[in-house]
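**Q** Pasting work-v6.txt here (compact mmCIF, C-alpha atoms and all ligand atoms):
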# COMPACT_ATOMS: atom_id res chain seq x y z
CA MET F 742 -65.04 2.55 69.73
CA LYS F 743 -66.73 5.65 68.30
CA ALA F 744 -64.62 8.20 66.44
CA LEU F 745 -65.25 11.34 64.39
CA GLN F 746 -63.58 10.86 61.03
CA TYR F 747 -62.99 12.94 57.95
CA ARG F 748 -63.43 10.19 55.37
CA THR F 749 -64.10 11.78 51.98
CA VAL F 750 -62.57 14.99 50.69
CA GLY F 751 -65.26 17.66 50.58
CA ALA F 752 -67.77 15.75 52.74
CA ALA F 753 -68.71 16.51 56.35
CA PRO F 754 -66.95 14.50 59.08
CA GLU F 755 -68.83 11.39 60.26
CA VAL F 756 -69.22 9.52 63.55
CA VAL F 757 -68.15 5.93 62.87
CA THR F 758 -67.19 2.80 64.78
CA VAL F 759 -63.53 1.79 64.48
CA PRO F 760 -61.46 -0.91 66.23
CA ASP F 761 -60.21 -0.05 69.73
CA PRO F 762 -56.55 0.96 69.38
CA GLU F 763 -53.83 -0.89 71.28
CA PRO F 764 -50.60 0.79 72.36
CA GLY F 765 -47.45 -0.52 70.70
CA PRO F 766 -44.03 -0.49 72.36
CA GLY F 767 -43.26 2.97 73.78
CA GLN F 768 -46.80 4.25 73.20
CA VAL F 769 -49.54 5.30 75.62
CA LEU F 770 -53.27 4.61 75.28
CA LEU F 771 -55.48 7.44 76.57
CA LYS F 772 -59.16 7.32 77.41
CA VAL F 773 -60.07 10.70 75.94
CA THR F 774 -61.94 12.95 78.39
CA ALA F 775 -62.17 16.05 76.15
CA ALA F 776 -61.21 17.10 72.61
CA GLY F 777 -61.11 20.66 71.23
CA VAL F 778 -62.55 21.87 67.92
CA CYS F 779 -60.09 24.08 66.03
CA HIS F 780 -60.73 26.21 62.97
CA SER F 781 -57.67 24.62 61.34
CA ASP F 782 -59.72 21.42 60.93
CA ILE F 783 -62.16 23.38 58.78
CA ALA F 784 -59.22 24.54 56.64
CA VAL F 785 -58.02 20.92 56.37
CA MET F 786 -61.47 19.80 55.28
CA SER F 787 -61.49 22.47 52.55
CA TRP F 788 -58.26 21.29 50.91
CA PRO F 789 -58.64 19.67 47.46
CA ALA F 790 -58.08 15.94 46.91
CA GLU F 791 -55.09 16.49 44.56
CA ASN F 792 -52.76 17.68 47.29
CA PHE F 793 -54.48 16.44 50.45
CA PRO F 794 -51.50 15.66 52.67
CA TYR F 795 -52.93 13.13 55.15
CA PRO F 796 -54.10 9.54 54.82
CA LEU F 797 -57.91 9.13 54.90
CA PRO F 798 -59.95 8.29 56.85
CA LEU F 799 -58.56 10.70 59.42
CA THR F 800 -59.81 10.73 63.02
CA LEU F 801 -59.99 14.43 63.81
CA GLY F 802 -58.90 16.27 66.97
CA HIS F 803 -55.52 17.85 67.61
CA GLU F 804 -56.47 19.17 71.06
CA GLY F 805 -56.80 16.30 73.50
CA VAL F 806 -56.79 15.46 77.20
CA GLY F 807 -57.45 12.12 78.80
CA THR F 808 -56.57 9.56 81.40
CA VAL F 809 -53.90 6.93 80.88
CA ALA F 810 -55.71 3.67 80.02
CA ALA F 811 -52.77 1.40 79.16
CA LEU F 812 -49.02 1.61 78.72
CA GLY F 813 -47.16 0.06 75.80
CA ALA F 814 -44.12 -2.14 76.45
CA GLY F 815 -41.24 -0.25 78.00
CA VAL F 816 -43.19 2.87 79.05
CA THR F 817 -42.32 4.05 82.54
CA GLY F 818 -43.09 7.13 84.62
CA LEU F 819 -46.85 7.07 84.05
CA SER F 820 -49.61 5.09 85.75
CA GLU F 821 -53.06 4.03 84.64
CA GLY F 822 -55.58 6.72 85.56
CA ASP F 823 -53.13 9.66 85.34
CA ALA F 824 -54.90 12.74 83.93
CA VAL F 825 -52.81 14.27 81.14
CA ALA F 826 -52.87 16.78 78.28
CA VAL F 827 -51.47 15.86 74.86
CA TYR F 828 -48.69 17.96 73.37
CA GLY F 829 -49.79 17.82 69.73
CA PRO F 830 -46.94 19.02 67.47
CA TRP F 831 -45.06 15.75 67.58
CA GLY F 832 -41.47 15.72 66.38
CA CYS F 833 -38.63 13.21 66.23
CA GLY F 834 -37.38 14.07 69.73
CA THR F 835 -33.72 14.10 68.75
CA CYS F 836 -33.02 16.84 66.15
CA ALA F 837 -31.64 20.23 67.20
CA LYS F 838 -35.09 21.85 67.42
CA CYS F 839 -36.63 18.92 69.30
CA ALA F 840 -33.67 19.00 71.71
CA GLU F 841 -34.85 22.51 72.65
CA GLY F 842 -38.41 21.22 73.15
CA LYS F 843 -39.43 22.93 69.89
CA GLU F 844 -40.99 19.81 68.41
CA ASN F 845 -43.37 22.14 66.55
CA TYR F 846 -40.33 23.01 64.43
CA CYS F 847 -38.87 19.47 64.20
CA LEU F 848 -36.36 19.38 61.36
CA ARG F 849 -37.12 15.76 60.46
CA ALA F 850 -40.88 15.31 60.98
CA ALA F 851 -41.71 15.47 57.26
CA GLU F 852 -38.86 13.15 56.26
CA LEU F 853 -39.80 10.62 58.96
CA GLY F 854 -43.55 10.85 58.27
CA ILE F 855 -44.31 12.05 61.81
CA MET F 856 -47.73 13.75 61.92
CA PRO F 857 -49.66 15.26 64.84
CA PRO F 858 -52.76 13.53 66.19
CA GLY F 859 -55.78 14.75 64.21
CA LEU F 860 -53.48 16.19 61.55
CA GLY F 861 -52.33 12.98 59.93
CA SER F 862 -52.26 10.56 62.87
CA PRO F 863 -55.50 9.40 64.57
CA GLY F 864 -56.70 12.26 66.78
CA SER F 865 -58.58 12.91 69.99
CA MET F 866 -62.17 12.88 68.71
CA ALA F 867 -62.61 9.26 69.70
CA GLU F 868 -63.14 7.31 72.89
CA TYR F 869 -59.46 6.32 72.92
CA MET F 870 -56.31 7.66 71.29
CA ILE F 871 -52.72 6.55 70.95
CA VAL F 872 -49.96 8.93 72.02
CA ASP F 873 -46.70 8.02 70.33
CA ASP F 874 -44.42 8.81 73.27
CA PRO F 875 -44.89 9.68 76.97
CA ARG F 876 -42.84 12.87 76.45
CA HIS F 877 -45.89 14.21 74.56
CA LEU F 878 -47.99 14.15 77.74
CA VAL F 879 -48.18 16.83 80.43
CA PRO F 880 -49.92 16.15 83.77
CA LEU F 881 -53.15 18.10 84.25
CA GLU F 882 -52.51 18.37 87.99
CA GLY F 883 -56.05 19.24 88.95
CA LEU F 884 -57.14 21.17 85.85
CA ASP F 885 -60.63 20.39 84.62
CA PRO F 886 -60.46 18.47 81.29
CA VAL F 887 -62.94 20.72 79.46
CA ALA F 888 -61.26 23.91 80.63
CA ALA F 889 -57.79 22.51 79.92
CA VAL F 890 -58.16 20.91 76.50
CA PRO F 891 -58.22 24.15 74.46
CA LEU F 892 -55.00 25.20 76.16
CA THR F 893 -53.12 22.55 74.14
CA ASP F 894 -53.57 24.65 70.97
CA ALA F 895 -55.88 27.65 71.47
CA GLY F 896 -53.73 28.46 74.54
CA LEU F 897 -50.31 27.21 73.46
CA THR F 898 -50.31 28.84 70.00
CA PRO F 899 -51.03 32.41 71.17
CA TYR F 900 -48.75 31.90 74.19
CA HIS F 901 -45.85 31.04 71.88
CA ALA F 902 -46.59 34.05 69.64
CA ILE F 903 -46.94 36.45 72.57
CA LYS F 904 -43.86 35.22 74.41
CA ARG F 905 -41.49 36.28 71.66
CA SER F 906 -42.95 39.81 71.71
CA LEU F 907 -42.80 40.28 75.49
CA PRO F 908 -39.77 42.66 75.35
CA LYS F 909 -41.86 45.06 73.25
CA LEU F 910 -45.01 44.86 75.37
CA VAL F 911 -43.84 47.21 78.11
CA ALA F 912 -45.99 49.65 80.10
CA GLY F 913 -47.59 52.13 77.73
CA SER F 914 -47.49 49.73 74.78
CA THR F 915 -50.44 48.41 72.79
CA ALA F 916 -51.14 44.85 71.60
CA VAL F 917 -53.78 44.25 68.93
CA VAL F 918 -55.66 40.94 68.70
CA ILE F 919 -57.48 40.39 65.40
CA GLY F 920 -60.10 37.60 65.61
CA THR F 921 -61.28 36.92 69.15
CA GLY F 922 -62.47 33.32 68.68
CA GLY F 923 -60.92 30.18 70.16
CA LEU F 924 -57.32 31.37 69.98
CA GLY F 925 -57.99 35.11 70.16
CA HIS F 926 -60.05 35.15 73.36
CA VAL F 927 -57.27 33.19 75.09
CA ALA F 928 -54.65 35.54 73.60
CA ILE F 929 -56.39 38.51 75.23
CA GLN F 930 -56.21 36.81 78.63
CA LEU F 931 -52.56 35.83 78.14
CA LEU F 932 -51.66 39.40 77.17
CA ARG F 933 -53.41 40.72 80.29
CA ALA F 934 -51.71 38.14 82.52
CA MET F 935 -48.21 38.44 81.04
CA THR F 936 -47.89 42.11 80.05
CA PRO F 937 -48.96 45.62 81.10
CA ALA F 938 -49.92 46.40 77.48
CA ARG F 939 -53.21 47.93 76.46
CA VAL F 940 -55.11 45.24 74.57
CA VAL F 941 -57.25 46.19 71.58
CA ALA F 942 -59.43 43.42 70.13
CA LEU F 943 -61.02 43.28 66.67
CA ASP F 944 -63.76 40.97 65.43
CA VAL F 945 -66.68 41.10 63.04
CA THR F 946 -69.67 40.80 65.37
CA GLU F 947 -70.75 42.61 68.52
CA HIS F 948 -71.29 39.19 70.16
CA LYS F 949 -67.59 38.32 69.72
CA LEU F 950 -66.51 41.79 70.88
CA GLU F 951 -68.58 41.32 74.04
CA LEU F 952 -66.58 38.19 74.88
CA ALA F 953 -63.35 40.07 74.09
CA ARG F 954 -64.27 42.78 76.61
CA ALA F 955 -65.42 40.20 79.16
CA VAL F 956 -62.05 38.41 79.05
CA GLY F 957 -60.06 41.61 79.45
CA ALA F 958 -59.69 43.62 76.24
CA HIS F 959 -59.39 47.33 77.08
CA ASP F 960 -60.96 48.25 73.74
CA ALA F 961 -63.01 46.24 71.26
CA VAL F 962 -63.36 47.50 67.70
CA LEU F 963 -65.44 46.17 64.81
CA SER F 964 -63.13 44.75 62.16
CA ASP F 965 -64.11 46.80 59.12
CA ALA F 966 -62.48 49.31 56.76
CA GLN F 967 -62.43 51.95 59.53
CA ALA F 968 -60.85 49.66 62.13
CA ALA F 969 -57.21 50.55 61.44
CA GLY F 970 -57.90 54.26 61.79
CA LYS F 971 -59.74 53.68 65.08
CA VAL F 972 -56.88 51.60 66.47
CA ARG F 973 -54.28 54.19 65.45
CA ASP F 974 -56.40 56.88 67.18
CA LEU F 975 -56.43 54.74 70.34
CA THR F 976 -52.61 54.76 70.24
CA SER F 977 -52.42 58.52 69.60
CA GLY F 978 -51.27 57.79 66.07
CA THR F 979 -48.15 55.77 66.89
CA GLY F 980 -49.61 52.30 66.26
CA ALA F 981 -49.23 49.06 68.17
CA GLN F 982 -46.04 47.37 69.34
CA ALA F 983 -47.41 43.90 68.62
CA VAL F 984 -50.21 42.66 66.39
CA PHE F 985 -51.59 39.10 66.50
CA ASP F 986 -53.74 38.18 63.52
CA PHE F 987 -55.80 35.07 64.28
CA VAL F 988 -57.53 35.18 60.90
CA GLY F 989 -54.83 35.76 58.29
CA VAL F 990 -57.05 36.78 55.37
CA GLU F 991 -56.46 39.75 53.00
CA PRO F 992 -58.46 42.35 55.01
CA THR F 993 -56.97 41.32 58.36
CA VAL F 994 -53.32 41.28 57.27
CA ARG F 995 -53.94 44.71 55.72
CA THR F 996 -55.35 45.92 59.04
CA ALA F 997 -52.41 44.31 60.86
CA ALA F 998 -49.96 46.23 58.66
CA ALA F 999 -51.90 49.47 59.06
CA VAL F 1000 -51.96 49.35 62.87
CA ALA F 1001 -48.32 48.24 63.31
CA GLY F 1002 -46.04 50.93 64.71
CA VAL F 1003 -42.30 51.39 64.12
CA GLU F 1004 -40.38 48.25 65.23
CA ALA F 1005 -43.62 46.34 65.84
CA ASP F 1006 -43.99 42.58 65.71
CA VAL F 1007 -46.76 41.26 63.47
CA ALA F 1008 -47.62 37.60 64.01
CA ILE F 1009 -49.86 36.05 61.37
CA VAL F 1010 -51.27 33.06 63.23
CA GLY F 1011 -54.46 32.51 61.22
CA ILE F 1012 -54.01 30.28 58.21
CA GLY F 1013 -56.21 32.33 55.88
CA GLY F 1014 -53.35 32.29 53.38
CA ALA F 1015 -52.95 36.06 52.83
CA ALA F 1016 -49.47 37.52 52.36
CA LEU F 1017 -48.06 40.67 53.91
CA PRO F 1018 -45.32 42.10 51.70
CA VAL F 1019 -42.21 43.20 53.59
CA GLY F 1020 -39.81 45.66 51.99
CA PHE F 1021 -38.40 49.14 52.42
CA GLY F 1022 -41.20 51.68 52.60
CA LEU F 1023 -43.96 49.04 52.64
CA LEU F 1024 -44.24 48.90 56.42
CA PRO F 1025 -43.06 51.20 59.21
CA PHE F 1026 -39.32 50.90 59.93
CA GLU F 1027 -38.14 47.54 61.25
CA VAL F 1028 -41.49 45.84 61.57
CA SER F 1029 -40.98 42.09 61.79
CA VAL F 1030 -43.59 39.76 60.35
CA THR F 1031 -43.73 36.11 61.41
CA ALA F 1032 -46.00 33.13 60.84
CA PRO F 1033 -45.59 31.07 64.03
CA TYR F 1034 -46.84 27.50 64.39
CA TRP F 1035 -48.17 26.01 67.65
CA GLY F 1036 -45.61 26.04 70.55
CA THR F 1037 -42.96 24.16 72.48
CA ARG F 1038 -43.30 21.42 75.08
CA ALA F 1039 -42.06 23.75 77.82
CA GLU F 1040 -44.55 26.41 76.75
CA LEU F 1041 -47.45 23.95 77.11
CA MET F 1042 -46.34 23.34 80.70
CA GLU F 1043 -46.21 27.13 81.23
CA VAL F 1044 -49.70 27.69 79.80
CA LEU F 1045 -51.15 24.95 82.01
CA ALA F 1046 -49.41 26.52 85.02
CA LEU F 1047 -50.92 29.91 84.14
CA ALA F 1048 -54.37 28.33 83.96
CA ARG F 1049 -53.83 26.70 87.37
CA SER F 1050 -53.00 30.15 88.78
CA GLY F 1051 -56.42 31.35 87.56
CA ALA F 1052 -54.99 33.77 84.96
CA VAL F 1053 -56.67 32.09 81.99
CA SER F 1054 -60.13 30.66 81.72
CA VAL F 1055 -61.34 29.40 78.37
CA HIS F 1056 -64.97 29.95 77.44
CA THR F 1057 -66.24 26.57 76.27
CA GLU F 1058 -69.35 25.05 74.80
CA THR F 1059 -69.54 21.26 75.03
CA PHE F 1060 -70.91 18.72 72.54
CA SER F 1061 -71.23 14.93 72.62
CA LEU F 1062 -69.19 12.96 70.07
CA ASP F 1063 -72.43 12.29 68.16
CA ASP F 1064 -72.96 16.06 67.90
CA ALA F 1065 -69.34 16.81 66.87
CA PRO F 1066 -70.32 17.39 63.21
CA LEU F 1067 -72.71 20.08 64.48
CA ALA F 1068 -69.86 21.73 66.42
CA TYR F 1069 -67.91 22.05 63.15
CA GLU F 1070 -70.98 23.48 61.37
CA ARG F 1071 -71.41 26.04 64.15
CA LEU F 1072 -67.70 26.96 64.11
CA HIS F 1073 -67.86 27.38 60.33
CA ALA F 1074 -70.93 29.60 60.70
CA GLY F 1075 -69.13 31.75 63.30
CA THR F 1076 -71.61 31.00 66.08
CA ILE F 1077 -69.24 29.41 68.60
CA ASN F 1078 -68.18 31.97 71.20
CA GLY F 1079 -64.91 30.75 72.72
CA ARG F 1080 -64.00 27.09 72.05
CA ALA F 1081 -66.20 24.08 71.25
CA VAL F 1082 -65.17 20.97 73.20
CA ILE F 1083 -66.23 17.40 72.39
CA LEU F 1084 -66.88 14.95 75.22
CA PRO F 1085 -66.27 11.47 73.72
P1 LIG G 1 -62.26 30.71 65.46
O1 LIG G 1 -63.21 30.51 64.36
O2 LIG G 1 -62.58 30.22 66.82
O3 LIG G 1 -61.88 32.26 65.59
C1 LIG G 1 -61.68 33.09 64.48
C2 LIG G 1 -62.30 34.44 64.83
O4 LIG G 1 -61.95 35.36 63.80
C3 LIG G 1 -63.82 34.41 64.92
O5 LIG G 1 -64.22 35.00 66.14
C4 LIG G 1 -64.26 35.22 63.73
O6 LIG G 1 -65.47 35.95 63.95
C5 LIG G 1 -63.09 36.16 63.57
N1 LIG G 1 -62.98 36.78 62.23
C6 LIG G 1 -63.29 36.26 61.02
N2 LIG G 1 -63.05 37.17 60.05
C7 LIG G 1 -62.57 38.28 60.67
C8 LIG G 1 -62.15 39.55 60.22
N3 LIG G 1 -62.18 39.88 58.92
N4 LIG G 1 -61.71 40.44 61.14
C9 LIG G 1 -61.68 40.12 62.46
N5 LIG G 1 -62.09 38.95 62.94
C10 LIG G 1 -62.53 38.04 62.06
O7 LIG G 1 -60.87 30.05 64.96
P2 LIG G 1 -59.62 29.54 65.84
O8 LIG G 1 -59.78 28.08 66.08
O9 LIG G 1 -59.39 30.49 66.96
O10 LIG G 1 -58.44 29.69 64.78
C11 LIG G 1 -58.03 30.98 64.36
C12 LIG G 1 -57.08 30.85 63.17
O11 LIG G 1 -55.82 30.35 63.64
C13 LIG G 1 -57.53 29.87 62.11
O12 LIG G 1 -57.08 30.35 60.84
C14 LIG G 1 -56.77 28.61 62.46
O13 LIG G 1 -56.63 27.75 61.36
C15 LIG G 1 -55.46 29.21 62.88
N6 LIG G 1 -54.59 28.40 63.74
C16 LIG G 1 -53.27 28.53 63.53
C17 LIG G 1 -52.38 27.87 64.36
C18 LIG G 1 -50.92 28.04 64.15
O14 LIG G 1 -50.15 27.30 64.77
N7 LIG G 1 -50.47 28.98 63.35
C19 LIG G 1 -52.86 27.06 65.40
C20 LIG G 1 -54.25 26.97 65.58
C21 LIG G 1 -55.12 27.65 64.77
ZN ZN G 2 -55.53 24.00 65.88
ZN ZN G 3 -37.04 16.66 65.59
When written as structure tokens, how does the structure in this file appear?
Ligand code: NAD
Ligand code: ZN
Ligand code: ZN

**A**
Amino acid sequence: MKALQYRTVGAAPEVVTVPDPEPGPGQVLLKVTAAGVCHSDIAVMSWPAENFPYPLPLTLGHEGVGTVAALGAGVTGLSEGDAVAVYGPWGCGTCAKCAEGKENYCLRAAELGIMPPGLGSPGSMAEYMIVDDPRHLVPLEGLDPVAAVPLTDAGLTPYHAIKRSLPKLVAGSTAVVIGTGGLGHVAIQLLRAMTPARVVALDVTEHKLELARAVGAHDAVLSDAQAAGKVRDLTSGTGAQAVFDFVGVEPTVRTAAAVAGVEADVAIVGIGGAALPVGFGLLPFEVSVTAPYWGTRAELMEVLALARSGAVSVHTETFSLDDAPLAYERLHAGTINGRAVILP
């Protein structure tokens, strides 16, 4: 089968032919119908060889949907042809966090060598993929594969971050979304669907801000040195109750800190690597800063249910598997509006 692989540290990913995978006991073989292109893959492909954490070659793609093509020995409860979404942050299934469905925070994944598809294990940018356990599949129940695939990360990750701030996002509150790309433009829609908060979006180009407005942002502000002042003015000086930074670089975490109000939540979701110092007098009183990762199994079901209700619609641009390297180039250049989706 064809697959998009990251083969050499520092080189572009390549479309190659690899053997068709076969499901082992307890595993499920999917015929991939759509695979999402996440900015995290670009971060992965920028890591140096010395501490590259995954085995190479690596078939990319940690957002995947497909139809069940074959069941490994002992798998029950699924049938060939079932349309499913892949829950990507695989865990052990039995530790205390996994027992809560929080496999994204599995306590034993590192020790047991469990790695998500596309982030260590073979991913979704291939004609077929192996899913290690049927519990990592959620039925699509009528959702379109292209529209649904970004929900497995670009939907689930902001959903998880937003859900923990819901008590603060009451009527009259403000939520700030920094970076309105794949994750951010879904975050805006989730905030509108789940809260009465005013949503203020920040990005670096007018083109991105247009999408932010189109998907429901009340205000869209260019992300520059004046942005924090503008956002504070929009909140009559009090600042926001929740800030979601989908970039995580020095200038954006500084903006996040500057727009946070007293007792605000600041979620640094982007993996730009910048730090936000927390300490008395450094931030408004009782601001909490978190760096959340992906989401829980139950939350993926909730996000898919929200999409079925019509509350979320992801803006997508599709590419063939042969053109997948181009999708990464375009994402790197900042010219994807919404989410790029590969059709293997
Ligand atoms: P994306 O490229 O689709 O979106 C990023 C957006 O940020 C773009 O619209 C870009 O124009 C904008 N941006 C860049 N610099 C900016 C600045 N200074 N101010 C405001 N906006 C700026 O990327 P994505 O796939 O949505 O991923 C977003 C980030 O989240 C990435 O860092 C990715 O690695 C990370 N991520 C984290 C998790 C997690 O679990 N924590 C999960 C998925 C992705
Ligand atoms: Zn991702
Ligand atoms: Zn676990």

**Q** Quick one, how far is CA of Arg748 (chain F) from CA of Ala810 (chain F)?

**A** 26.6 Å

**Q** With only C-alpha atoms and all ligand atoms counted, collect every polymer residue having an atom within 6 Å of ligand ZN 2 (chain G); state the result as a PyMOL selection string.

**A** chain F and resi 779+781+894

**Q** Show which residues sit within 12 Å of Ala1048 (chain F), as number ranges by chain. Count only C-alpha atoms, and ignore same-chain residues fewer than 2 positions away.

**A** F: 881-886, 888-893, 896-897, 900, 927, 930-931, 934, 1041-1046, 1050-1055

**Q** State, in Å with one decimal place, the distance from CA of Val941 (chain F) to CA of His803 (chain F).

**A**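 Rounded to one decimal, the two atoms are 28.7 Å apart.
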
**Q** Please measure the separation of CA of Val773 (chain F) and CA of Met866 (chain F), giving the value in Å to one decimal.

**A** 7.8 Å

**Q** Pick the closest to ligand LIG 1 (chain G) from F:Ala912, F:Leu943, F:Ala775, F:Val972: which is it, counting only C-alpha atoms and all ligand atoms?

**A**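 Of all the options, F:Leu943 lies closest to ligand LIG 1 (chain G).
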
**Q** List as a VMD selection string the protein and nucleic acid residues lying within 7 Å of ligand LIG 1 (chain G), with all atoms listed in the file counted.

**A** chain F and resid 779 to 781 784 894 to 895 898 919 to 925 943 to 946 949 964 987 to 990 992 to 993 1010 to 1013 1032 to 1035 1072 to 1073 1075 1077 1079 to 1080
